[in-house]
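S.K.: Here you go, final_18.txt (compact mmCIF, C-alpha atoms):
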# COMPACT_ATOMS: atom_id res chain seq x y z
CA THR G 2 -31.71 -6.38 44.72
CA ASP G 3 -33.49 -9.11 42.75
CA SER G 4 -34.08 -12.74 43.73
CA LEU G 5 -30.51 -13.60 42.67
CA GLY G 6 -29.05 -10.97 44.96
CA MET G 7 -27.83 -8.70 42.10
CA PRO G 8 -28.40 -4.95 42.26
CA GLU G 9 -31.15 -3.79 39.90
CA ASP G 10 -28.97 -1.04 38.39
CA VAL G 11 -26.50 -3.72 37.20
CA ILE G 12 -29.31 -5.69 35.53
CA VAL G 13 -30.47 -2.55 33.69
CA THR G 14 -26.94 -1.37 32.79
CA VAL G 15 -25.72 -4.57 31.14
CA PRO G 16 -28.36 -4.63 28.34
CA ARG G 17 -27.87 -0.89 27.82
CA LEU G 18 -24.10 -1.38 27.51
CA SER G 19 -24.64 -4.18 24.99
CA LEU G 20 -27.01 -1.96 23.02
CA VAL G 21 -24.47 0.89 22.97
CA MET G 22 -21.66 -1.44 21.88
CA TRP G 23 -23.88 -2.93 19.15
CA SER G 24 -24.83 0.54 17.94
CA TRP G 25 -21.17 1.65 17.96
CA SER G 26 -20.18 -1.45 16.00
CA ASP G 27 -22.85 -0.77 13.36
CA SER G 28 -21.75 2.86 13.11
CA MET G 29 -18.14 1.85 12.57
CA LYS G 30 -19.13 -0.67 9.91
CA ASP G 31 -21.19 2.00 8.18
CA ILE G 32 -18.26 4.45 8.13
CA LEU G 33 -15.81 1.75 7.01
CA TYR G 34 -17.77 0.24 4.13
CA GLY G 35 -21.44 1.25 4.29
CA GLY G 36 -21.11 3.38 1.18
CA ILE G 37 -19.36 0.54 -0.67
CA THR G 38 -21.90 -2.20 0.02
CA GLU G 39 -24.73 0.13 -1.04
CA SER G 40 -22.97 1.06 -4.28
CA SER G 41 -24.19 -0.27 -7.62
CA VAL G 42 -20.87 0.45 -9.32
CA PRO G 43 -19.49 -2.79 -10.84
CA GLY G 44 -16.29 -4.17 -9.35
CA VAL G 45 -16.44 -2.55 -5.90
CA GLY G 46 -17.66 -5.67 -4.10
CA GLY G 47 -20.78 -7.57 -3.19
CA LEU G 48 -21.80 -11.24 -3.17
CA GLU G 49 -21.45 -11.68 -6.93
CA CYS G 50 -17.91 -10.30 -6.81
CA ALA G 51 -17.05 -12.57 -3.84
CA ARG G 52 -18.21 -15.62 -5.81
CA TYR G 53 -16.37 -14.66 -9.00
CA ILE G 54 -13.58 -17.17 -8.32
CA PRO G 55 -14.75 -20.72 -7.43
CA LEU G 56 -13.75 -22.15 -4.06
CA TRP G 57 -11.50 -24.88 -5.49
CA LEU G 58 -9.49 -22.28 -7.40
CA LYS G 59 -9.18 -20.06 -4.30
CA ILE G 60 -7.78 -23.00 -2.31
CA THR G 61 -5.36 -23.93 -5.10
CA GLU G 62 -4.11 -20.36 -5.36
CA GLU G 63 -3.61 -20.08 -1.62
CA ILE G 64 -1.59 -23.32 -1.46
CA PHE G 65 0.60 -22.06 -4.31
CA VAL G 66 1.06 -18.64 -2.66
CA ILE G 67 2.10 -20.20 0.66
CA ILE G 68 4.71 -22.42 -1.03
CA TYR G 69 5.90 -19.53 -3.21
CA ALA G 70 6.20 -17.22 -0.18
CA ALA G 71 8.09 -19.85 1.84
CA VAL G 72 10.67 -20.27 -0.95
CA LEU G 73 11.04 -16.49 -1.28
CA TYR G 74 11.42 -16.07 2.49
CA VAL G 75 14.20 -18.68 2.76
CA TRP G 76 15.95 -17.27 -0.31
CA SER G 77 15.67 -13.67 0.90
CA ALA G 78 16.78 -14.50 4.45
CA LYS G 79 19.96 -16.12 3.14
CA THR G 80 20.89 -13.49 0.57
CA LEU G 81 19.55 -10.16 1.88
CA LYS G 82 22.37 -7.61 2.17
CA LYS G 83 21.53 -5.52 5.22
CA VAL G 84 21.93 -1.77 5.61
CA THR G 85 25.22 -0.94 7.35
CA ASP G 86 25.97 1.62 10.06
CA ASP G 87 28.20 3.47 7.59
CA ASP G 88 25.30 3.72 5.12
CA VAL G 89 23.10 5.27 7.81
CA ARG G 90 25.82 7.74 8.85
CA VAL G 91 26.31 9.02 5.27
CA ILE G 92 22.54 9.19 4.68
CA ARG G 93 21.96 11.18 7.86
CA GLU G 94 24.72 13.64 6.99
CA ARG G 95 23.24 14.33 3.57
CA ASN G 96 19.66 14.49 4.88
CA GLY G 97 20.68 17.07 7.45
CA ARG G 98 22.54 19.08 4.81
CA VAL G 99 20.00 19.22 1.96
CA GLY G 100 16.75 18.92 3.91
CA GLY G 101 15.07 22.23 4.68
CA SER G 102 12.07 24.32 3.70
CA TRP G 103 11.43 22.25 0.56
CA LYS G 104 11.23 19.09 2.65
CA SER G 105 8.70 20.75 4.96
CA PHE G 106 6.70 21.91 1.92
CA MET G 107 6.62 18.43 0.36
CA LEU G 108 5.59 16.90 3.70
CA LEU G 109 2.82 19.48 4.14
CA LEU G 110 1.58 19.01 0.57
CA LEU G 111 1.45 15.22 0.84
CA ALA G 112 -0.26 15.39 4.25
CA LEU G 113 -2.82 17.90 2.92
CA VAL G 114 -3.70 15.77 -0.10
CA PHE G 115 -3.95 12.61 2.01
CA GLY G 116 -6.10 14.47 4.54
CA MET G 117 -8.49 15.47 1.74
CA GLU G 118 -8.59 11.88 0.54
CA LEU G 119 -9.41 10.64 4.06
CA SER G 120 -12.16 13.26 4.34
CA TYR G 121 -13.76 12.02 1.13
CA LYS G 122 -13.55 8.42 2.33
CA ILE G 123 -15.28 9.30 5.62
CA VAL G 124 -18.01 11.38 3.96
CA THR G 125 -18.76 8.68 1.37
CA ARG G 126 -18.50 5.92 4.02
CA GLN G 127 -15.68 4.14 2.17
CA LEU G 128 -12.92 4.40 4.77
CA LEU G 129 -11.93 0.75 4.31
CA PHE G 130 -10.49 1.69 0.90
CA VAL G 131 -7.63 3.32 2.85
CA MET G 132 -6.21 -0.21 3.09
CA ASN G 133 -5.53 -0.15 -0.66
CA PRO G 134 -1.80 -0.04 -1.51
CA CYS G 135 -1.73 3.53 -2.87
CA HIS G 136 -2.92 4.89 0.48
CA VAL G 137 -0.46 2.66 2.34
CA MET G 138 2.26 4.05 0.05
CA THR G 139 1.23 7.61 0.99
CA ILE G 140 1.37 6.79 4.71
CA THR G 141 4.80 5.19 4.20
CA GLN G 142 6.09 8.28 2.38
CA LEU G 143 4.80 10.55 5.15
CA TYR G 144 6.70 8.37 7.62
CA LEU G 145 9.91 8.55 5.56
CA LEU G 146 9.69 12.34 5.30
CA CYS G 147 9.24 12.68 9.08
CA VAL G 148 11.68 10.12 10.43
CA VAL G 149 15.41 10.40 11.04
CA PRO G 150 17.09 7.95 8.60
CA SER G 151 17.91 4.60 10.19
CA LYS G 152 18.42 1.00 9.15
CA VAL G 153 14.68 0.39 9.43
CA SER G 154 13.63 3.45 7.43
CA VAL G 155 16.18 2.71 4.67
CA ALA G 156 14.82 -0.85 4.46
CA VAL G 157 11.27 0.53 4.27
CA LEU G 158 12.30 2.87 1.44
CA ARG G 159 13.88 0.06 -0.58
CA ILE G 160 10.86 -2.22 -0.21
CA MET G 161 8.52 0.68 -1.01
CA ILE G 162 10.33 1.45 -4.26
CA HIS G 163 9.99 -2.16 -5.39
CA ASN G 164 6.25 -1.99 -4.67
CA SER G 165 5.67 1.41 -6.30
CA PHE G 166 4.78 0.01 -9.72
CA GLY G 167 1.18 -0.32 -8.50
CA THR G 168 0.84 3.45 -8.44
CA PHE G 169 1.85 3.65 -12.10
CA LEU G 170 -0.73 0.96 -12.88
CA GLY G 171 -3.24 3.12 -11.01
CA VAL G 172 -2.41 5.93 -13.42
CA LEU G 173 -2.52 3.75 -16.55
CA PHE G 174 -5.70 1.88 -15.53
CA ALA G 175 -7.35 4.48 -13.31
CA VAL G 176 -10.51 3.32 -11.53
CA THR G 177 -12.44 6.49 -10.67
CA ASN G 178 -16.02 5.27 -11.19
CA THR G 179 -16.64 5.21 -7.41
CA ARG G 180 -15.71 8.91 -7.05
CA GLU G 181 -18.86 11.00 -7.34
CA LEU G 182 -18.21 14.05 -5.13
CA ARG G 183 -16.80 17.25 -6.58
CA GLY G 184 -13.03 17.26 -6.32
CA GLU G 185 -12.60 13.52 -5.70
CA ILE G 186 -11.12 12.74 -9.10
CA PRO G 187 -8.61 15.65 -9.10
CA VAL G 188 -7.45 14.58 -5.61
CA TYR G 189 -7.00 11.04 -6.96
CA TRP G 190 -4.67 12.28 -9.70
CA VAL G 191 -2.72 14.65 -7.46
CA GLN G 192 -2.20 11.90 -4.88
CA HIS G 193 -0.97 9.41 -7.48
CA ILE G 194 1.39 11.92 -9.08
CA LEU G 195 2.86 12.71 -5.66
CA ILE G 196 3.28 9.00 -4.88
CA CYS G 197 5.16 8.58 -8.18
CA ILE G 198 7.62 11.44 -7.63
CA MET G 199 8.07 11.28 -3.84
CA PRO G 200 10.54 8.34 -3.85
CA LEU G 201 12.73 10.35 -6.25
CA TYR G 202 12.67 13.28 -3.83
CA ILE G 203 13.50 11.05 -0.84
CA ILE G 204 16.43 9.54 -2.79
CA TYR G 205 17.61 13.11 -3.43
CA LEU G 206 17.38 13.86 0.31
CA TRP G 207 19.13 10.69 1.45
CA GLY G 208 21.66 10.21 -1.34
CA PRO G 209 22.63 7.17 -3.44
CA ARG G 210 23.56 5.08 -0.38
CA CYS G 211 19.86 4.69 0.49
CA LEU G 212 19.50 2.39 -2.54
CA GLU G 213 20.97 -1.06 -2.87
CA PRO G 214 23.40 -1.63 -5.79
CA LEU G 215 21.59 -2.23 -9.07
CA SER G 216 23.21 -5.67 -9.24
CA ASP G 217 21.72 -6.65 -5.86
CA TRP G 218 18.36 -8.39 -6.33
CA SER G 219 17.87 -9.46 -2.70
CA TRP G 220 15.82 -6.36 -1.84
CA ALA G 221 13.66 -6.87 -4.93
CA ARG G 222 12.84 -10.37 -3.66
CA ALA G 223 12.08 -8.94 -0.21
CA GLY G 224 9.75 -6.41 -1.86
CA LEU G 225 8.00 -9.21 -3.74
CA LEU G 226 7.58 -11.16 -0.49
CA PHE G 227 6.00 -8.13 1.22
CA PHE G 228 3.76 -7.46 -1.80
CA GLY G 229 2.41 -11.01 -1.86
CA HIS G 230 1.93 -11.20 1.90
CA TYR G 231 0.03 -7.91 2.08
CA HIS G 232 -2.30 -8.77 -0.79
CA HIS G 233 -3.05 -12.40 0.06
CA HIS G 234 -2.93 -12.33 3.86
CA VAL G 235 -4.21 -8.83 4.65
CA LEU G 236 -6.33 -7.48 1.78
CA LEU G 237 -7.84 -10.80 0.68
CA PRO G 238 -9.14 -11.86 4.15
CA LEU G 239 -10.56 -8.35 4.68
CA SER G 240 -12.25 -8.53 1.28
CA GLU G 241 -13.78 -11.94 1.97
CA LEU G 242 -14.94 -10.79 5.41
CA THR G 243 -16.56 -7.53 4.29
CA TYR G 244 -17.42 -8.27 0.62
CA VAL G 245 -15.41 -5.17 -0.30
CA ASN G 246 -13.17 -5.67 -3.35
CA LEU G 247 -9.96 -4.24 -1.89
CA ASN G 248 -7.45 -3.67 -4.68
CA HIS G 249 -9.55 -6.05 -6.81
CA MET G 250 -8.61 -9.14 -4.83
CA MET G 251 -12.07 -10.74 -5.24
CA CYS G 252 -12.92 -9.82 -8.83
CA PRO G 253 -11.13 -7.89 -11.60
CA PRO G 254 -11.76 -4.22 -12.41
CA PRO G 255 -13.93 -3.51 -15.47
CA SER G 256 -10.99 -1.72 -17.12
CA PHE G 257 -8.60 -4.69 -16.78
CA ASP G 258 -10.54 -7.96 -16.98
CA LEU G 259 -7.77 -10.26 -18.16
CA GLY G 260 -7.94 -14.01 -17.68
CA GLY G 261 -11.52 -14.38 -16.41
CA GLN G 262 -11.70 -16.53 -13.27
CA TYR G 263 -7.95 -17.11 -13.56
CA TYR G 264 -7.16 -13.39 -13.47
CA ARG G 265 -5.64 -13.61 -9.97
CA ALA G 266 -3.38 -16.53 -10.94
CA MET G 267 -2.22 -14.57 -14.00
CA HIS G 268 -1.61 -11.50 -11.83
CA ILE G 269 0.63 -13.50 -9.48
CA VAL G 270 2.96 -14.18 -12.40
CA LEU G 271 2.66 -10.68 -13.90
CA MET G 272 3.09 -8.83 -10.60
CA SER G 273 6.11 -10.96 -9.68
CA ILE G 274 7.83 -9.82 -12.87
CA LEU G 275 6.82 -6.19 -12.36
CA VAL G 276 8.00 -6.08 -8.73
CA LEU G 277 11.39 -7.53 -9.65
CA ILE G 278 11.95 -5.29 -12.67
CA PHE G 279 10.16 -2.01 -11.95
CA GLY G 280 12.06 -1.18 -8.76
CA LYS G 281 15.37 -1.51 -10.60
CA ILE G 282 14.12 0.65 -13.48
CA TYR G 283 12.88 3.32 -11.05
CA SER G 284 16.16 3.25 -9.07
CA ALA G 285 18.33 3.46 -12.20
CA THR G 286 16.21 6.28 -13.64
CA SER G 287 16.29 8.21 -10.35
CA LEU G 288 20.07 7.90 -10.10
CA TRP G 289 20.50 9.06 -13.71
CA ILE G 290 18.23 12.09 -13.18
CA LEU G 291 19.87 13.11 -9.91
CA ASN G 292 23.42 12.59 -11.21
CA HIS G 293 22.66 14.95 -14.09
CA THR G 294 20.68 17.58 -12.16
CA SER G 295 22.45 17.65 -8.79
CA PRO G 296 26.25 17.98 -9.16
CA LYS G 297 27.02 16.98 -5.55
CA PHE G 298 24.63 14.02 -5.47
CA LYS G 299 27.21 11.55 -6.81
CA GLU G 300 29.74 12.65 -4.19
CA ASP G 301 27.54 11.32 -1.38
Once more with this new file: its structure as structure tokens, please.
M.R.:
Amino acid sequence: TDSLGMPEDVIVTVPRLSLVMWSWSDSMKDILYGGITESSVPGVGGLECARYIPLWLKITEEIFVIIYAAVLYVWSAKTLKKVTDDDVRVIRERNGRVGGSWKSFMLLLLALVFGMELSYKIVTRQLLFVMNPCHVMTITQLYLLCVVPSKVSVAVLRIMIHNSFGTFLGVLFAVTNTRELRGEIPVYWVQHILICIMPLYIIYLWGPRCLEPLSDWSWARAGLLFFGHYHHHVLLPLSELTYVNLNHMMCPPPSFDLGGQYYRAMHIVLMSILVLIFGKIYSATSLWILNHTSPKFKED
């Protein structure tokens, strides 16, 4: 023991434990975003990207978003038409009847593509990009293909559909300049195509009762509330903390620089319109396709 009465092995172990924890923390940071912070590709992050929007404008935007979200929450809570037990019963019956080998194939294909995408992110030390909405959409779709339909999963599907427009934007304004390994860009396109068509396949599995009526806008508002919360209270703090431009929350992409420093304020308006409208367009289109290609779909 030393003069303080503590065993010497404890005195030696504590600094070693701190050193191990520090080393582990650095290793995790390197895997999460080491390859991003070292990148010279414009728009992926860095100090210049973090300072793109002045502080006063960031504060103004956040105040507006909080008020906007509060109004949406109160409105949605009062008007949201919940999924009924009868809806779940009909959905489960159809899912058990039409689900089979094709469902297993689609699940395996989506899991394989997402596994490849995760592998690339780990190898390139860009794992934090998994927080971007398209990857969250893939994880959500994997969940929906695995789970037994319930009130929760039907609600998740409806909100997901109203947030799926981002995937189509990812196709129209593809940002692939950070993908340098062989095969990364093809995997990007395959993943986005699967994300676009998978809700249609899940609607086919679960039947028309998994969607709200086209005249019901309460779920569209709930989808907008989730979209805004995830971007401004999950992705934005992570971006500011790590200097990684998650889903372009700190500075705009080179392919879509609209509005300059006010691009985020303009996107709040634009994305609100897209969330409210796109989900209805996707739902109506899916119902039209399935009613004309699957004779028994309308009966469910």
S.K.: Could you give me, as a list in words, the residues that have an atom at most 7 Å away from the point (21.4, -6.5, -1.5) in the coordinates of the file, using only C-alpha atoms?
M.R.: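 Output of the proximity query reads Leu81, Lys82, Lys83, Glu213, Pro214, Asp217, Trp218, Ser219 and Trp220 of chain G.
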S.K.: (-8.9, -11.7, 0.6) in this file's frame - what residues fall within 10 Å of it? Use only C-alpha atoms and give the answer as an MDAnalysis selection string.
M.R.: chainID G and resid 51 59 231:251
S.K.: Give me the range 198-237 of chain G side of the contact with range 287-295 of chain G, cut-off 10 Å, one line per residue showing its nearest atom pair and distance in Å at one decimal, counting only C-alpha atoms, sorted by chain and residue number, as a Markdown table.
M.R.:
| residue | atom | partner | partner_atom | distance |
| --- | --- | --- | --- | --- |
| G:Ile198 | CA | G:Ser287 | CA | 9.6 |
| G:Pro200 | CA | G:Ser287 | CA | 8.7 |
| G:Leu201 | CA | G:Ser287 | CA | 5.8 |
| G:Tyr202 | CA | G:Ser287 | CA | 9.0 |
| G:Ile204 | CA | G:Ser287 | CA | 7.7 |
| G:Tyr205 | CA | G:Leu291 | CA | 6.9 |
| G:Gly208 | CA | G:Leu288 | CA | 9.2 |
| G:Pro209 | CA | G:Leu288 | CA | 7.2 |
| G:Leu212 | CA | G:Leu288 | CA | 9.4 |
S.K.: With C-alpha atoms retained, export the selected residues as a CSV table (one decimal), in the coordinates of the input.
M.R.:
chain,number,residue,atom,x,y,z
G,198,ILE,CA,7.6,11.4,-7.6
G,200,PRO,CA,10.5,8.3,-3.8
G,201,LEU,CA,12.7,10.4,-6.2
G,202,TYR,CA,12.7,13.3,-3.8
G,204,ILE,CA,16.4,9.5,-2.8
G,205,TYR,CA,17.6,13.1,-3.4
G,208,GLY,CA,21.7,10.2,-1.3
G,209,PRO,CA,22.6,7.2,-3.4
G,212,LEU,CA,19.5,2.4,-2.5
S.K.: So that I can see what lies close to range 126-131 of chain G, please list as a PyMOL selection string the residues with an atom at most 12 Å from it, counting all atoms listed in the file and leaving out residues fewer than 4 positions away in the same chain.
M.R.: chain G and resi 28-40+45-46+115-116+118-122+135-140+179-180+236+239-240+242-249
S.K.: Export, as a tab-separated table (two decimals), keeping the file's coordinate frame, the selected residues with C-alpha atoms.
M.R.:
chain	number	residue	atom	x	y	z
G	28	SER	CA	-21.75	2.86	13.11
G	29	MET	CA	-18.14	1.85	12.57
G	30	LYS	CA	-19.13	-0.67	9.91
G	31	ASP	CA	-21.19	2.00	8.18
G	32	ILE	CA	-18.26	4.45	8.13
G	33	LEU	CA	-15.81	1.75	7.01
G	34	TYR	CA	-17.77	0.24	4.13
G	35	GLY	CA	-21.44	1.25	4.29
G	36	GLY	CA	-21.11	3.38	1.18
G	37	ILE	CA	-19.36	0.54	-0.67
G	38	THR	CA	-21.90	-2.20	0.02
G	39	GLU	CA	-24.73	0.13	-1.04
G	40	SER	CA	-22.97	1.06	-4.28
G	45	VAL	CA	-16.44	-2.55	-5.90
G	46	GLY	CA	-17.66	-5.67	-4.10
G	115	PHE	CA	-3.95	12.61	2.01
G	116	GLY	CA	-6.10	14.47	4.54
G	118	GLU	CA	-8.59	11.88	0.54
G	119	LEU	CA	-9.41	10.64	4.06
G	120	SER	CA	-12.16	13.26	4.34
G	121	TYR	CA	-13.76	12.02	1.13
G	122	LYS	CA	-13.55	8.42	2.33
G	135	CYS	CA	-1.73	3.53	-2.87
G	136	HIS	CA	-2.92	4.89	0.48
G	137	VAL	CA	-0.46	2.66	2.34
G	138	MET	CA	2.26	4.05	0.05
G	139	THR	CA	1.23	7.61	0.99
G	140	ILE	CA	1.37	6.79	4.71
G	179	THR	CA	-16.64	5.21	-7.41
G	180	ARG	CA	-15.71	8.91	-7.05
G	236	LEU	CA	-6.33	-7.48	1.78
G	239	LEU	CA	-10.56	-8.35	4.68
G	240	SER	CA	-12.25	-8.53	1.28
G	242	LEU	CA	-14.94	-10.79	5.41
G	243	THR	CA	-16.56	-7.53	4.29
G	244	TYR	CA	-17.42	-8.27	0.62
G	245	VAL	CA	-15.41	-5.17	-0.30
G	246	ASN	CA	-13.17	-5.67	-3.35
G	247	LEU	CA	-9.96	-4.24	-1.89
G	248	ASN	CA	-7.45	-3.67	-4.68
G	249	HIS	CA	-9.55	-6.05	-6.81
S.K.: Which distance in Å separates CA of Ile160 in chain G and CA of Leu226 in chain G, to one decimal?
M.R.: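 Answer for the CA of Ile160 in chain G to CA of Leu226 in chain G separation: 9.5 Å.
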S.K.: Please measure the separation of CA of Trp190 in chain G and CA of Met107 in chain G, giving the value in Å to one decimal.
M.R.: 16.3 Å
S.K.: Nearest to Ala156 in chain G: which of G:Asp88, G:Gly100, G:Asn178, G:Glu185 is it, counting all atoms listed in the file?
M.R.: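 Answer, going by the shortest atom-to-atom distance: G:Asp88.
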S.K.: Record the distance separating CA of His163 in chain G and CA of Cys50 in chain G, expressed in Å with one decimal.
M.R.: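 Atom-to-atom, CA of His163 in chain G to CA of Cys50 in chain G, that is 29.1 Å.
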S.K.: Contacts between range 266-286 of chain G and range 51-165 of chain G, please, where a residue of range 51-165 of chain G counts if it comes within 10 Å (with all atoms listed in the file); show its shortest atom pair and distance in Å to one decimal, rows by chain and ascending number, as a tab-separated table.
M.R.:
residue	atom	partner	partner_atom	distance
G:Leu58	CA	G:Ala266	CA	9.1
G:Lys59	CA	G:Ala266	CA	9.5
G:Thr61	CA	G:Ala266	CA	9.6
G:Glu62	CA	G:Ala266	CA	6.8
G:Glu63	CA	G:Ala266	CA	10.0
G:Phe65	CA	G:Ala266	CA	9.5
G:Val66	CA	G:Ile269	CA	8.6
G:Arg159	CA	G:Gly280	CA	8.5
G:Ile160	CA	G:Gly280	CA	8.7
G:Met161	CA	G:Gly280	CA	8.7
G:Ile162	CA	G:Gly280	CA	5.5
G:His163	CA	G:Gly280	CA	4.1
G:Asn164	CA	G:Val276	CA	6.0
G:Ser165	CA	G:Gly280	CA	7.3
S.K.: Excluding Leu145 in chain G and its own-chain neighbours fewer than 5 positions away, which residues fall within 10 Å of it when counting only C-alpha atoms? Please give them as a list in words.
M.R.: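 Close residues of Leu145 in chain G: Leu108, Thr139, Ile140, Pro150, Ser154, Val155, Val157, Leu158, Met199, Pro200 and Ile203 of chain G.
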S.K.: List the spatial neighbours of range 89-93 of chain G as a list of chain:residue names - criterion: any atom at most 6 Å away, only C-alpha atoms, same-chain residues fewer than 2 positions off excluded.
M.R.: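 With the cut-off at 6 Å, the set is G:Asp86, G:Asp87, G:Arg95, G:Asn96, G:Pro150, G:Ser151, G:Trp207.
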S.K.: Between G:Ala70, G:Ala112, G:Phe169, G:Leu48, which one has atoms that come closest to Cys197 in chain G, using all atoms listed in the file?
M.R.: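 Ranking G:Ala70, G:Ala112, G:Phe169, G:Leu48 by distance to Cys197 in chain G, first place goes to G:Phe169.
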S.K.: With only C-alpha atoms as the basis for distance, which of G:Phe166, G:Tyr74, G:Tyr144, G:Phe106 is at the shortest distance from Phe227 in chain G?
M.R.: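 With only C-alpha atoms as the atom set, the closest residue is G:Tyr74.
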S.K.: Some atoms are missing, so please complete range 133-145 of chain G with N, CA and C atoms and return it as a PDB file, in the frame of the given file.
M.R.:
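This went into out-v1.pdb:
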ATOM      1  N   ASN G 133      -6.095   0.096   0.666  1.00  0.00           N
ATOM      2  CA  ASN G 133      -5.530  -0.150  -0.660  1.00  0.00           C
ATOM      3  C   ASN G 133      -4.079   0.342  -0.718  1.00  0.00           C
ATOM      4  N   PRO G 134      -3.241  -0.319  -1.512  1.00  0.00           N
ATOM      5  CA  PRO G 134      -1.800  -0.040  -1.510  1.00  0.00           C
ATOM      6  C   PRO G 134      -1.404   1.405  -1.737  1.00  0.00           C
ATOM      7  N   CYS G 135      -2.122   2.144  -2.596  1.00  0.00           N
ATOM      8  CA  CYS G 135      -1.730   3.530  -2.870  1.00  0.00           C
ATOM      9  C   CYS G 135      -1.819   4.386  -1.606  1.00  0.00           C
ATOM     10  N   HIS G 136      -2.815   4.138  -0.772  1.00  0.00           N
ATOM     11  CA  HIS G 136      -2.920   4.890   0.480  1.00  0.00           C
ATOM     12  C   HIS G 136      -1.847   4.449   1.471  1.00  0.00           C
ATOM     13  N   VAL G 137      -1.541   3.159   1.479  1.00  0.00           N
ATOM     14  CA  VAL G 137      -0.460   2.660   2.340  1.00  0.00           C
ATOM     15  C   VAL G 137       0.875   3.260   1.891  1.00  0.00           C
ATOM     16  N   MET G 138       1.046   3.412   0.574  1.00  0.00           N
ATOM     17  CA  MET G 138       2.260   4.050   0.050  1.00  0.00           C
ATOM     18  C   MET G 138       2.352   5.498   0.531  1.00  0.00           C
ATOM     19  N   THR G 139       1.232   6.215   0.525  1.00  0.00           N
ATOM     20  CA  THR G 139       1.230   7.610   0.990  1.00  0.00           C
ATOM     21  C   THR G 139       1.608   7.688   2.459  1.00  0.00           C
ATOM     22  N   ILE G 140       1.043   6.815   3.279  1.00  0.00           N
ATOM     23  CA  ILE G 140       1.370   6.790   4.710  1.00  0.00           C
ATOM     24  C   ILE G 140       2.856   6.484   4.903  1.00  0.00           C
ATOM     25  N   THR G 141       3.374   5.547   4.116  1.00  0.00           N
ATOM     26  CA  THR G 141       4.800   5.190   4.200  1.00  0.00           C
ATOM     27  C   THR G 141       5.675   6.375   3.837  1.00  0.00           C
ATOM     28  N   GLN G 142       5.297   7.117   2.803  1.00  0.00           N
ATOM     29  CA  GLN G 142       6.090   8.280   2.380  1.00  0.00           C
ATOM     30  C   GLN G 142       6.028   9.395   3.421  1.00  0.00           C
ATOM     31  N   LEU G 143       4.893   9.574   4.057  1.00  0.00           N
ATOM     32  CA  LEU G 143       4.800  10.550   5.150  1.00  0.00           C
ATOM     33  C   LEU G 143       5.748  10.162   6.285  1.00  0.00           C
ATOM     34  N   TYR G 144       5.789   8.878   6.591  1.00  0.00           N
ATOM     35  CA  TYR G 144       6.700   8.370   7.620  1.00  0.00           C
ATOM     36  C   TYR G 144       8.159   8.646   7.248  1.00  0.00           C
ATOM     37  N   LEU G 145       8.515   8.374   5.995  1.00  0.00           N
ATOM     38  CA  LEU G 145       9.910   8.550   5.560  1.00  0.00           C
ATOM     39  C   LEU G 145      10.317  10.019   5.551  1.00  0.00           C
TER      40      LEU G 145
END
